[in-house]
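Accompanying notes for the structure given below.
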Amino acid sequence: MKQVNRVPVREQDPEVRKNNFDEVCLGYNEDEAVAEASRCLNCKKPLCVSDCPVSIDIPSFVEKIKNREFYQAAEIISRSSVLPSVCGRVCPQESQCEGKCILGVKGDPVSIGKLERFIGDWGRDNGFIIPVKSEPNSHRVAVIGSGPAGLTCAGELASLGYDVTIFEALHKAGGVLEYGIPEFRLPKEKVVRQEVENVKRMGVKIITNAVIGKAGTIDNLLDNEGFDAIFVGTGAGLPLFMNIPGENLNGVLSANEFLTRINLMKAYDDEFDTPVRTGQRVAVVGGGNVAMDSARSAVRMGADVSVIYRRSAEELPARAEEVHHAREEGIDFRLLTNPVEVLGNEKGWVTGLKCVRMELGEPDESGRRRPVVIPDSEFIIETDTVIMSLGTSPNPLIAGTTPNLETDRKGCVKAVDENGTTTREGVFAAGDVVTGSATVILAMGAARKSAKAIDDYIRSKYAGK
Amino acid sequence: MFKLLEKKKIGPDIWQMKVSAPRVAKYAKPGQFVIVITDKRGERIPLTICDYNKDEGWVMIVLQVVGLSTSRMAELNEGDSFADFVGPLGQPSWFVNAEPSDIRGHNFIFIAGGVGAAPVYPQLKWLADNGKKADLILGARSAEQLILLPELKEVTNEVYIATNDGSAGEKGFVTDTLKKVLLERPEYYNECIAIGPMIMMKSVAEMTRTFALKTTVSLNTLMIDGTGMCGACRVTVGGKIKFTCVDGPEFDAHLVDFDEAMRRQGMYKREETESHRCNIDKAVEESHKRK
Ligand SMILES: Cc1cc2nc3c(=O)[nH]c(=O)nc-3n(C[C@H](O)[C@H](O)[C@H](O)COP(=O)(O)OP(=O)(O)OC[C@H]3O[C@@H](n4cnc5c(N)ncnc54)[C@H](O)[C@@H]3O)c2cc1C
Ligand SMILES: Cc1cc2nc3c(=O)[nH]c(=O)nc-3n(C[C@H](O)[C@H](O)[C@H](O)COP(=O)(O)OP(=O)(O)OC[C@H]3O[C@@H](n4cnc5c(N)ncnc54)[C@H](O)[C@@H]3O)c2cc1C
Ligand code: SF4
Ligand code: SF4
Ligand code: FES
């Protein structure tokens, strides 16, 4: 008989972790990983794999863990993903691989994410190097953006022998992994930088501080800098605001600003120069991962935090684990509540948030029940900081400077097929820049397909030459 | 790493620095800016591109020490390097992409306050190179803070100088000089471009509105990424939210909500700043308050 319950994972105590930025989840050690791996049935038709966007061969790598063949496990994962330590930590496993695991019918699904994380970290600590499949060829591909999409596409193409250069606008590589997701969920030095280094070891060059569209355009890269194809993985970084009165008051900031100050610029660390102002009482508007990360970062900066979300707990789009952790850390969830105005004092600083109560009506296009305002339900939440976490859309830097690259109404680059082929010849795109804000693993899955399409494109372009 | 090739003191607490940054130099245009990080603990500081040379691969910046990060930056010596130097960012000045014929009949009056002399320089130079020298009103607290004067004279027709203490040129504010010039030559100018402290740009905008003179300002809001990602740089222009780093930094002065912009700029003022701010901004601000 298999164990019904998964091996529990060690975590920092909520009362302790509220005061630090160290990682909350401590992960499995070897024995725990082996014990958890032993629960897997090694299914003939593994349902878990079908719901992993990069189709990691889950039963095989889990089997290797069971046999303590960790190196082989790392090798199996590396065939499908260059970011195991990242995905093991941030994938919404409950709605992907683990959501389909057969053990989930009667008990806990296999902790696939935690096992993947274990192997990713093991590889780092034991000098595992991702093997490269092909001999170098002379074709050059430019990858714009170093988030999960860019890193995946670059790694995949390097493995096929291409000469790949990533151009990144910020001063550090990693995209949202670096500037958005906080240290306590995804350590920067230990995990992100390590996995970026792995991609570099495959031969990929990364040029930071290079804003394509400003310091050269896609046309320049194709026509003058000798690239045969371009992959656009620039994400969806442009923050949305609510367009309600008072939104430009001092003390209202986007989640991106707050998180960038904290993560990319390390504002929580006194040794770094960038300031961040977190008031005594912080209201975070939104219910996704970004909102949870902002709220939990604000807790760690010493604030009293509430999350304001217009639907109910059931619809919270954040990963289940994040909501759970947020609750444990004492964050107050104000559900079925929507802000209508930010209130300020005569000096222009925030003093409160005027909200209305909501109820759920008929389902909308997304299938979720639409929130409807309850008449005469206005009330005020006192707060001195408001963090808007309402979603993001792609920035206009690429679309605005690339002729014939079509975008949709929201500014997302149009992909004409599932490989991320765009309306511009030689230019491919995937990840948040195509879909709008989604997940790490969806960006990676799509980027893998684009890498394949870029390989096909370059082969056919040079066929017979 | 981005090497500091030359460093020159051009005024009290004002430094001119030539930095090796080939990619930025290659694509730079007047009106654009860079973001500079001094060392790995440093913050991202926006600075206007003051001059550039594509062939030699350098960019010139002019830096006024006002607080922590700018003083860190000023501590670097020739031969040292900046950790990061990203750009060019923002939209170039509109005339860079205009037809030569649109510029020929277009008379510009530039106004530069304090270190604002640095960002107007590449614009004036570009216009001079394209056969359209402009006029300039250059303002500072006193004579020793008038920077880049010889360089500016070379690329302009007329330079009017205004100092608060009267130690050079007219005694008074740039707006006093502007008023005089506009009254002397009514109908002559088609556009005023003003760059300097927010309060100066606001006063200029108020004055030119009464003359119905089109006015452009370059806003120095708070910024982090400079690529449209954080929204820290947002301003209200014509009732709409704009991001200074991608939509600007230049905007129609008559549409900018300056009071909001000035309030937002102060959001992260550090405690120590007050004592450090020996500069023109502060003097100008205070004298305006007194008025
Ligand atoms: C706070 C936060 C928490 C999240 N939590 C989770 C989570 O727990 N699980 C999960 O699966 N997903 C999560 N997500 C979503 C996930 O991070 C994204 O879906 C994913 O990062 C998208 O990857 P990408 O490569 O498409 O884009 P990004 O990660 O956004 O990377 C794009 C990169 O391109 C660069 N760039 C942009 N424009 C240019 C240009 N013109 N030139 C050069 N470079 C450019 C950007 O600087 C950036 O580095 C979270 C997102 C945020 C913001
Ligand atoms: C597009 C643009 C172009 C600029 N060009 C120049 C230039 O050519 N030369 C020059 O000397 N300065 C320029 N500035 C202003 C310069 O960026 C600030 O003086 C600098 O950020 C102050 O940092 P500090 O740490 O020394 O000062 P502190 O006062 O200690 O800074 C505290 C915080 O406030 C911010 N801050 C303070 N003052 C300003 C300000 N005036 N503008 C923007 N952010 C501010 C800083 O980023 C920091 O986060 C420009 C600003 C912008 C946005
Ligand atoms: S990559 Fe994500 S979805 Fe795929 S197996 Fe790993 S945790 Fe599951
Ligand atoms: S579905 Fe579950 S039990 Fe079956 S192979 Fe996948 S992880 Fe193992
Ligand atoms: S500086 Fe971040 S959006 Fe403009």
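Scheme for the structure tokens: letters A, B, ... for chains in order shown; per-chain residue numbers from 1; ligand numbers from 1 in order shown.
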Show me, as JSON lines, the residues of chain B having an atom within 8 Å of ligand 2, each with the closest atom pair and its distance in Å, using only C-alpha atoms and all ligand atoms.
{"residue": "B:Ile14", "atom": "CA", "partner": "ligand 2", "partner_atom_place_in_ligand_line": "11 (O)", "distance": 7.4}
{"residue": "B:Gln32", "atom": "CA", "partner": "ligand 2", "partner_atom_place_in_ligand_line": "1 (C)", "distance": 7.6}
{"residue": "B:Phe33", "atom": "CA", "partner": "ligand 2", "partner_atom_place_in_ligand_line": "1 (C)", "distance": 5.7}
{"residue": "B:Val34", "atom": "CA", "partner": "ligand 2", "partner_atom_place_in_ligand_line": "3 (C)", "distance": 7.7}
{"residue": "B:Glu43", "atom": "CA", "partner": "ligand 2", "partner_atom_place_in_ligand_line": "49 (O)", "distance": 7.2}
{"residue": "B:Arg44", "atom": "CA", "partner": "ligand 2", "partner_atom_place_in_ligand_line": "47 (O)", "distance": 6.9}
{"residue": "B:Ile45", "atom": "CA", "partner": "ligand 2", "partner_atom_place_in_ligand_line": "21 (O)", "distance": 4.7}
{"residue": "B:Pro46", "atom": "CA", "partner": "ligand 2", "partner_atom_place_in_ligand_line": "17 (O)", "distance": 4.3}
{"residue": "B:Leu47", "atom": "CA", "partner": "ligand 2", "partner_atom_place_in_ligand_line": "5 (N)", "distance": 3.5}
{"residue": "B:Thr48", "atom": "CA", "partner": "ligand 2", "partner_atom_place_in_ligand_line": "8 (O)", "distance": 3.9}
{"residue": "B:Ile49", "atom": "CA", "partner": "ligand 2", "partner_atom_place_in_ligand_line": "8 (O)", "distance": 6.6}
{"residue": "B:Cys50", "atom": "CA", "partner": "ligand 2", "partner_atom_place_in_ligand_line": "8 (O)", "distance": 6.9}
{"residue": "B:Ile61", "atom": "CA", "partner": "ligand 2", "partner_atom_place_in_ligand_line": "8 (O)", "distance": 6.2}
{"residue": "B:Val62", "atom": "CA", "partner": "ligand 2", "partner_atom_place_in_ligand_line": "9 (N)", "distance": 5.1}
{"residue": "B:Leu63", "atom": "CA", "partner": "ligand 2", "partner_atom_place_in_ligand_line": "11 (O)", "distance": 3.6}
{"residue": "B:Gln64", "atom": "CA", "partner": "ligand 2", "partner_atom_place_in_ligand_line": "11 (O)", "distance": 3.6}
{"residue": "B:Val65", "atom": "CA", "partner": "ligand 2", "partner_atom_place_in_ligand_line": "26 (O)", "distance": 5.9}
{"residue": "B:Val66", "atom": "CA", "partner": "ligand 2", "partner_atom_place_in_ligand_line": "26 (O)", "distance": 4.7}
{"residue": "B:Gly67", "atom": "CA", "partner": "ligand 2", "partner_atom_place_in_ligand_line": "26 (O)", "distance": 3.3}
{"residue": "B:Leu68", "atom": "CA", "partner": "ligand 2", "partner_atom_place_in_ligand_line": "25 (O)", "distance": 4.2}
{"residue": "B:Ser69", "atom": "CA", "partner": "ligand 2", "partner_atom_place_in_ligand_line": "25 (O)", "distance": 3.6}
{"residue": "B:Thr70", "atom": "CA", "partner": "ligand 2", "partner_atom_place_in_ligand_line": "26 (O)", "distance": 3.6}
{"residue": "B:Ser71", "atom": "CA", "partner": "ligand 2", "partner_atom_place_in_ligand_line": "26 (O)", "distance": 6.0}
{"residue": "B:Arg72", "atom": "CA", "partner": "ligand 2", "partner_atom_place_in_ligand_line": "26 (O)", "distance": 7.8}
{"residue": "B:Gly90", "atom": "CA", "partner": "ligand 2", "partner_atom_place_in_ligand_line": "1 (C)", "distance": 7.9}
{"residue": "B:Val115", "atom": "CA", "partner": "ligand 2", "partner_atom_place_in_ligand_line": "9 (N)", "distance": 6.0}
{"residue": "B:Gly116", "atom": "CA", "partner": "ligand 2", "partner_atom_place_in_ligand_line": "8 (O)", "distance": 7.0}
{"residue": "B:Ala118", "atom": "CA", "partner": "ligand 2", "partner_atom_place_in_ligand_line": "8 (O)", "distance": 6.0}
{"residue": "B:Pro119", "atom": "CA", "partner": "ligand 2", "partner_atom_place_in_ligand_line": "8 (O)", "distance": 6.0}
{"residue": "B:Pro197", "atom": "CA", "partner": "ligand 2", "partner_atom_place_in_ligand_line": "41 (N)", "distance": 7.4}
{"residue": "B:Ser218", "atom": "CA", "partner": "ligand 2", "partner_atom_place_in_ligand_line": "1 (C)", "distance": 7.2}
{"residue": "B:Leu219", "atom": "CA", "partner": "ligand 2", "partner_atom_place_in_ligand_line": "1 (C)", "distance": 6.2}
{"residue": "B:Asn220", "atom": "CA", "partner": "ligand 2", "partner_atom_place_in_ligand_line": "53 (C)", "distance": 3.4}
{"residue": "B:Thr221", "atom": "CA", "partner": "ligand 2", "partner_atom_place_in_ligand_line": "53 (C)", "distance": 4.5}
{"residue": "B:Leu222", "atom": "CA", "partner": "ligand 2", "partner_atom_place_in_ligand_line": "44 (N)", "distance": 4.1}
{"residue": "B:Met223", "atom": "CA", "partner": "ligand 2", "partner_atom_place_in_ligand_line": "53 (C)", "distance": 5.9}
{"residue": "B:Ile224", "atom": "CA", "partner": "ligand 2", "partner_atom_place_in_ligand_line": "47 (O)", "distance": 7.5}
{"residue": "B:Cys233", "atom": "CA", "partner": "ligand 2", "partner_atom_place_in_ligand_line": "53 (C)", "distance": 7.7}
{"residue": "B:Thr244", "atom": "CA", "partner": "ligand 2", "partner_atom_place_in_ligand_line": "1 (C)", "distance": 7.6}
{"residue": "B:Cys245", "atom": "CA", "partner": "ligand 2", "partner_atom_place_in_ligand_line": "1 (C)", "distance": 6.9}
{"residue": "B:Pro249", "atom": "CA", "partner": "ligand 2", "partner_atom_place_in_ligand_line": "1 (C)", "distance": 5.8}
{"residue": "B:Gln265", "atom": "CA", "partner": "ligand 2", "partner_atom_place_in_ligand_line": "45 (C)", "distance": 6.3}
{"residue": "B:Gly266", "atom": "CA", "partner": "ligand 2", "partner_atom_place_in_ligand_line": "34 (O)", "distance": 6.9}
{"residue": "B:Met267", "atom": "CA", "partner": "ligand 2", "partner_atom_place_in_ligand_line": "34 (O)", "distance": 7.2}
{"residue": "B:Tyr268", "atom": "CA", "partner": "ligand 2", "partner_atom_place_in_ligand_line": "33 (C)", "distance": 4.8}
{"residue": "B:Lys269", "atom": "CA", "partner": "ligand 2", "partner_atom_place_in_ligand_line": "32 (C)", "distance": 4.7}
{"residue": "B:Arg270", "atom": "CA", "partner": "ligand 2", "partner_atom_place_in_ligand_line": "30 (O)", "distance": 5.3}
{"residue": "B:Glu272", "atom": "CA", "partner": "ligand 2", "partner_atom_place_in_ligand_line": "30 (O)", "distance": 7.2}
{"residue": "B:Thr273", "atom": "CA", "partner": "ligand 2", "partner_atom_place_in_ligand_line": "29 (O)", "distance": 5.1}
Keeping only C-alpha atoms, write those residues as a PDB file, in the first residue's frame.
ATOM      1  CA  ILE B  14      28.440  70.010 -10.799  1.00  0.00           C
ATOM      2  CA  GLN B  32      16.867  61.174 -24.456  1.00  0.00           C
ATOM      3  CA  PHE B  33      18.346  60.039 -21.156  1.00  0.00           C
ATOM      4  CA  VAL B  34      20.274  57.205 -19.561  1.00  0.00           C
ATOM      5  CA  GLU B  43      20.266  52.731  -7.212  1.00  0.00           C
ATOM      6  CA  ARG B  44      19.171  53.450 -10.750  1.00  0.00           C
ATOM      7  CA  ILE B  45      19.633  57.170 -11.383  1.00  0.00           C
ATOM      8  CA  PRO B  46      18.258  58.870 -14.505  1.00  0.00           C
ATOM      9  CA  LEU B  47      20.464  61.495 -16.182  1.00  0.00           C
ATOM     10  CA  THR B  48      20.004  63.316 -19.443  1.00  0.00           C
ATOM     11  CA  ILE B  49      22.349  62.652 -22.322  1.00  0.00           C
ATOM     12  CA  CYS B  50      24.271  65.874 -22.741  1.00  0.00           C
ATOM     13  CA  ILE B  61      26.529  63.361 -18.687  1.00  0.00           C
ATOM     14  CA  VAL B  62      26.348  66.324 -16.361  1.00  0.00           C
ATOM     15  CA  LEU B  63      25.706  65.554 -12.788  1.00  0.00           C
ATOM     16  CA  GLN B  64      24.606  67.778  -9.966  1.00  0.00           C
ATOM     17  CA  VAL B  65      25.249  66.400  -6.525  1.00  0.00           C
ATOM     18  CA  VAL B  66      21.999  66.608  -4.580  1.00  0.00           C
ATOM     19  CA  GLY B  67      21.899  63.529  -2.386  1.00  0.00           C
ATOM     20  CA  LEU B  68      23.258  60.115  -1.628  1.00  0.00           C
ATOM     21  CA  SER B  69      23.454  58.542  -5.076  1.00  0.00           C
ATOM     22  CA  THR B  70      24.669  61.570  -6.937  1.00  0.00           C
ATOM     23  CA  SER B  71      27.452  62.081  -4.394  1.00  0.00           C
ATOM     24  CA  ARG B  72      28.463  58.420  -4.737  1.00  0.00           C
ATOM     25  CA  GLY B  90      12.667  58.045 -23.635  1.00  0.00           C
ATOM     26  CA  VAL B 115      21.913  71.922 -14.715  1.00  0.00           C
ATOM     27  CA  GLY B 116      19.123  72.189 -17.295  1.00  0.00           C
ATOM     28  CA  ALA B 118      23.152  70.138 -19.946  1.00  0.00           C
ATOM     29  CA  PRO B 119      20.032  68.627 -21.533  1.00  0.00           C
ATOM     30  CA  PRO B 197      13.774  72.496 -11.900  1.00  0.00           C
ATOM     31  CA  SER B 218      11.354  67.753 -20.014  1.00  0.00           C
ATOM     32  CA  LEU B 219      10.165  66.209 -16.771  1.00  0.00           C
ATOM     33  CA  ASN B 220      12.515  64.742 -14.198  1.00  0.00           C
ATOM     34  CA  THR B 221      10.112  62.532 -12.281  1.00  0.00           C
ATOM     35  CA  LEU B 222      11.137  59.664 -10.042  1.00  0.00           C
ATOM     36  CA  MET B 223      12.152  56.640 -12.072  1.00  0.00           C
ATOM     37  CA  ILE B 224      13.333  53.106 -11.500  1.00  0.00           C
ATOM     38  CA  CYS B 233       7.335  58.047 -13.257  1.00  0.00           C
ATOM     39  CA  THR B 244       7.532  59.854 -18.316  1.00  0.00           C
ATOM     40  CA  CYS B 245      10.131  57.232 -19.232  1.00  0.00           C
ATOM     41  CA  PRO B 249      10.338  62.866 -20.918  1.00  0.00           C
ATOM     42  CA  GLN B 265       8.921  63.972  -6.953  1.00  0.00           C
ATOM     43  CA  GLY B 266       9.293  64.530  -3.226  1.00  0.00           C
ATOM     44  CA  MET B 267       8.007  61.086  -2.290  1.00  0.00           C
ATOM     45  CA  TYR B 268      11.393  59.589  -1.492  1.00  0.00           C
ATOM     46  CA  LYS B 269      13.269  62.672  -0.382  1.00  0.00           C
ATOM     47  CA  ARG B 270      15.773  61.437   2.112  1.00  0.00           C
ATOM     48  CA  GLU B 272      19.861  64.078   4.679  1.00  0.00           C
ATOM     49  CA  THR B 273      18.899  65.714   1.430  1.00  0.00           C
TER      50      THR B 273
END
_Residue set, stretch 228-434 of chain A restricted to strand (DSSP E or B), as a ChimeraX atom specification_ = /A:229-232,238-239,250,252-254,281-285,304-308,332-334,337-344,349-363,369-373,379-382,385-388,392-393,407,413,421,427-429
Output for the residues just chosen: C-alpha atoms as an mmCIF file, in the first residue's frame:
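Output (out-v6.cif):
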data_model
loop_
_atom_site.group_PDB
_atom_site.id
_atom_site.type_symbol
_atom_site.label_atom_id
_atom_site.label_comp_id
_atom_site.auth_asym_id
_atom_site.auth_seq_id
_atom_site.Cartn_x
_atom_site.Cartn_y
_atom_site.Cartn_z
ATOM 1 C CA ALA A 229 16.145 35.137 -36.470
ATOM 2 C CA ILE A 230 14.728 36.913 -33.438
ATOM 3 C CA PHE A 231 12.853 35.591 -30.447
ATOM 4 C CA VAL A 232 10.808 38.143 -28.516
ATOM 5 C CA LEU A 238 3.502 47.504 -17.986
ATOM 6 C CA PRO A 239 1.399 47.918 -14.854
ATOM 7 C CA ASN A 250 1.823 59.917 -2.809
ATOM 8 C CA VAL A 252 -0.055 54.752 -4.239
ATOM 9 C CA LEU A 253 2.276 52.524 -6.174
ATOM 10 C CA SER A 254 2.136 49.671 -8.617
ATOM 11 C CA ARG A 281 -0.918 50.101 7.012
ATOM 12 C CA VAL A 282 -0.779 48.742 3.519
ATOM 13 C CA ALA A 283 -3.718 47.870 1.310
ATOM 14 C CA VAL A 284 -2.920 45.635 -1.647
ATOM 15 C CA VAL A 285 -5.542 45.666 -4.395
ATOM 16 C CA ASP A 304 -0.199 45.776 8.808
ATOM 17 C CA VAL A 305 -1.456 44.425 5.531
ATOM 18 C CA SER A 306 -4.815 43.743 3.949
ATOM 19 C CA VAL A 307 -5.559 42.299 0.529
ATOM 20 C CA ILE A 308 -8.564 43.789 -1.208
ATOM 21 C CA ASP A 332 -6.258 40.298 6.382
ATOM 22 C CA PHE A 333 -8.280 39.303 3.312
ATOM 23 C CA ARG A 334 -11.025 41.782 2.482
ATOM 24 C CA THR A 337 -14.578 44.472 -1.835
ATOM 25 C CA ASN A 338 -13.633 46.950 -4.535
ATOM 26 C CA PRO A 339 -11.953 50.374 -4.194
ATOM 27 C CA VAL A 340 -13.660 53.304 -5.862
ATOM 28 C CA GLU A 341 -11.451 56.165 -4.699
ATOM 29 C CA VAL A 342 -8.128 56.777 -2.981
ATOM 30 C CA LEU A 343 -8.425 59.410 -0.273
ATOM 31 C CA GLY A 344 -5.606 61.764 0.670
ATOM 32 C CA TRP A 349 -0.426 61.603 0.901
ATOM 33 C CA VAL A 350 -2.816 58.655 1.051
ATOM 34 C CA THR A 351 -5.052 58.362 4.108
ATOM 35 C CA GLY A 352 -7.604 55.802 3.066
ATOM 36 C CA LEU A 353 -9.398 53.826 0.441
ATOM 37 C CA LYS A 354 -13.081 54.269 -0.246
ATOM 38 C CA CYS A 355 -14.509 50.854 -1.146
ATOM 39 C CA VAL A 356 -17.805 49.249 -2.062
ATOM 40 C CA ARG A 357 -18.996 45.760 -1.204
ATOM 41 C CA MET A 358 -19.597 43.315 -4.018
ATOM 42 C CA GLU A 359 -21.634 40.180 -4.593
ATOM 43 C CA LEU A 360 -21.180 37.529 -7.253
ATOM 44 C CA GLY A 361 -23.575 37.534 -10.180
ATOM 45 C CA GLU A 362 -23.714 35.615 -13.436
ATOM 46 C CA PRO A 363 -20.521 34.037 -14.850
ATOM 47 C CA ARG A 369 -18.901 34.766 -11.569
ATOM 48 C CA ARG A 370 -18.953 38.458 -12.252
ATOM 49 C CA PRO A 371 -18.720 40.720 -9.211
ATOM 50 C CA VAL A 372 -21.565 43.223 -8.916
ATOM 51 C CA VAL A 373 -21.629 46.297 -6.693
ATOM 52 C CA PHE A 379 -17.111 52.318 3.427
ATOM 53 C CA ILE A 380 -13.587 53.465 4.152
ATOM 54 C CA ILE A 381 -10.491 51.413 4.872
ATOM 55 C CA GLU A 382 -7.840 53.484 6.604
ATOM 56 C CA THR A 385 -0.055 52.936 1.331
ATOM 57 C CA VAL A 386 -1.944 51.411 -1.572
ATOM 58 C CA ILE A 387 -0.295 48.854 -3.820
ATOM 59 C CA MET A 388 -2.100 48.338 -7.105
ATOM 60 C CA THR A 392 0.078 44.094 -16.539
ATOM 61 C CA SER A 393 0.333 44.343 -20.299
ATOM 62 C CA THR A 407 -0.299 43.337 -31.853
ATOM 63 C CA VAL A 413 2.246 40.454 -29.940
ATOM 64 C CA THR A 421 5.344 32.721 -35.467
ATOM 65 C CA VAL A 427 10.540 37.080 -35.720
ATOM 66 C CA PHE A 428 9.016 34.690 -33.175
ATOM 67 C CA ALA A 429 7.449 35.484 -29.833
#
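Neighbours of stretch 139-150 of chain A closer than or equal to 6 Å, with only C-alpha atoms counted and sequence neighbours fewer than 3 positions away skipped, come out as Cys153, Ala154, Tyr162, Asp163, Val164, Thr165, Ile166, Phe167, Glu168, Ala173, Gly174, Gly175, Phe227, Asp228, Ala229, Ile230, Phe231, Val232, Gly233, Thr234, Gly431, Ala443, Met444 and Ala447 of chain A.
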*So which bits of stretch 120-248 of chain A end up alpha helix (DSSP H) when you DSSP the backbone, as a VMD selection string?*
chain A and resid 120 to 125 148 to 159 176 to 179 194 to 201 218 to 223
*Do me a favour and pick out the residues of chain B within 9 Å of chain A, using only C-alpha atoms, as a VMD selection string.*
chain B and resid 23 to 28 37 40 to 44 68 to 69 83 to 91 224 to 225 227 to 232 234 to 236 241 246 260 263 to 264 266 to 268 270
_Give me, as a VMD selection string, the set of residues whose atoms come within 12 Å of any atom of ligand 4, counting only C-alpha atoms and all ligand atoms._
chain A and resid 2 to 4 6 36 to 52 55 to 63 66 93 96 to 116
Selection: 6 Å around stretch 158-169 of chain B, only C-alpha atoms, excl. self and same-chain fewer than 5 positions, as a tab-separated table (two decimals) with N, CA and C atoms, in the first residue's frame:
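Written out: out33.tsv:
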chain	number	residue	atom	x	y	z
B	135	ASP	N	17.54	80.62	-29.92
B	135	ASP	CA	17.93	81.53	-28.86
B	135	ASP	C	17.79	80.83	-27.51
B	136	LEU	N	18.52	81.33	-26.54
B	136	LEU	CA	18.53	80.65	-25.25
B	136	LEU	C	18.51	81.63	-24.09
B	137	ILE	N	17.70	81.33	-23.11
B	137	ILE	CA	17.79	82.06	-21.84
B	137	ILE	C	18.38	81.10	-20.82
B	138	LEU	N	19.50	81.50	-20.25
B	138	LEU	CA	20.20	80.62	-19.33
B	138	LEU	C	20.12	81.23	-17.94
B	139	GLY	N	19.60	80.45	-17.01
B	139	GLY	CA	19.44	81.03	-15.66
B	139	GLY	C	20.18	80.22	-14.62
B	140	ALA	N	20.66	80.91	-13.59
B	140	ALA	CA	21.31	80.23	-12.48
B	140	ALA	C	21.24	81.15	-11.27
B	141	ARG	N	21.65	80.59	-10.14
B	141	ARG	CA	21.59	81.40	-8.94
B	141	ARG	C	22.62	82.52	-9.00
B	142	SER	N	23.83	82.16	-9.38
B	142	SER	CA	24.84	83.20	-9.53
B	142	SER	C	25.84	82.79	-10.62
B	143	ALA	N	26.72	83.68	-10.94
B	143	ALA	CA	27.62	83.51	-12.09
B	143	ALA	C	28.36	82.18	-12.07
B	174	VAL	N	14.62	83.52	-14.85
B	174	VAL	CA	14.50	83.31	-16.31
B	174	VAL	C	13.15	83.81	-16.82
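Between atom CA of B:Leu213 and atom CA of B:Ala253 lies a distance of 10.2 Å.
Nearest to ligand 3 of all the residues A:Ile441, A:Leu390, A:Ala320, A:Val16 is A:Ile441, counting only C-alpha atoms and all ligand atoms.
With only C-alpha atoms and all ligand atoms as the basis for measurement, B:Asp247 is the residue among B:Asp247, B:Glu184, B:Glu144, B:Asp51 that approaches ligand 5 most closely.
Contact shell of B:Asp80 at 12 Å (only C-alpha atoms; same-chain neighbours under 3 positions omitted): Met1, Phe2, Lys3, Leu4, Leu5, Glu6, Lys7, Met17, Lys18, Val19, Ser20, Thr38, Asp39, Met73, Ala74, Glu75, Leu76, Asn77 and Ala83 of chain B.
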*Near B:Arg209, counting only C-alpha atoms, which residues have an atom at most 12 Å away, once you skip same-chain residues fewer than 3 positions from it, shown as a ChimeraX atom specification?*
/B:179,182,191-192,202-206,212-216,252-255
Take the residues that were just selected and, keeping C-alpha atoms, output them as a CSV table (one decimal), in the first residue's frame.
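That gives us part.csv:
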chain,number,residue,atom,x,y,z
B,179,LYS,CA,8.7,88.1,-20.5
B,182,LEU,CA,8.5,87.9,-25.7
B,191,GLU,CA,8.0,77.3,-29.5
B,192,CYS,CA,9.6,77.5,-26.1
B,202,LYS,CA,5.9,75.4,-14.1
B,203,SER,CA,6.5,79.2,-13.9
B,204,VAL,CA,7.6,79.2,-17.6
B,205,ALA,CA,4.4,77.3,-18.6
B,206,GLU,CA,2.2,79.8,-16.7
B,212,ALA,CA,-0.3,81.4,-26.3
B,213,LEU,CA,3.2,80.2,-27.0
B,214,LYS,CA,3.6,76.4,-27.5
B,215,THR,CA,5.9,75.2,-24.7
B,216,THR,CA,7.7,71.9,-24.2
B,252,ASP,CA,3.4,69.9,-23.7
B,253,ALA,CA,3.9,72.2,-20.7
B,254,HIS,CA,0.4,73.6,-20.9
B,255,LEU,CA,-1.1,70.1,-20.3
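The shortest atom-to-atom distance to ligand 5, with only C-alpha atoms and all ligand atoms taken into account, belongs to B:Phe243 out of B:Phe251, B:Lys132, B:Phe243, B:Pro122.
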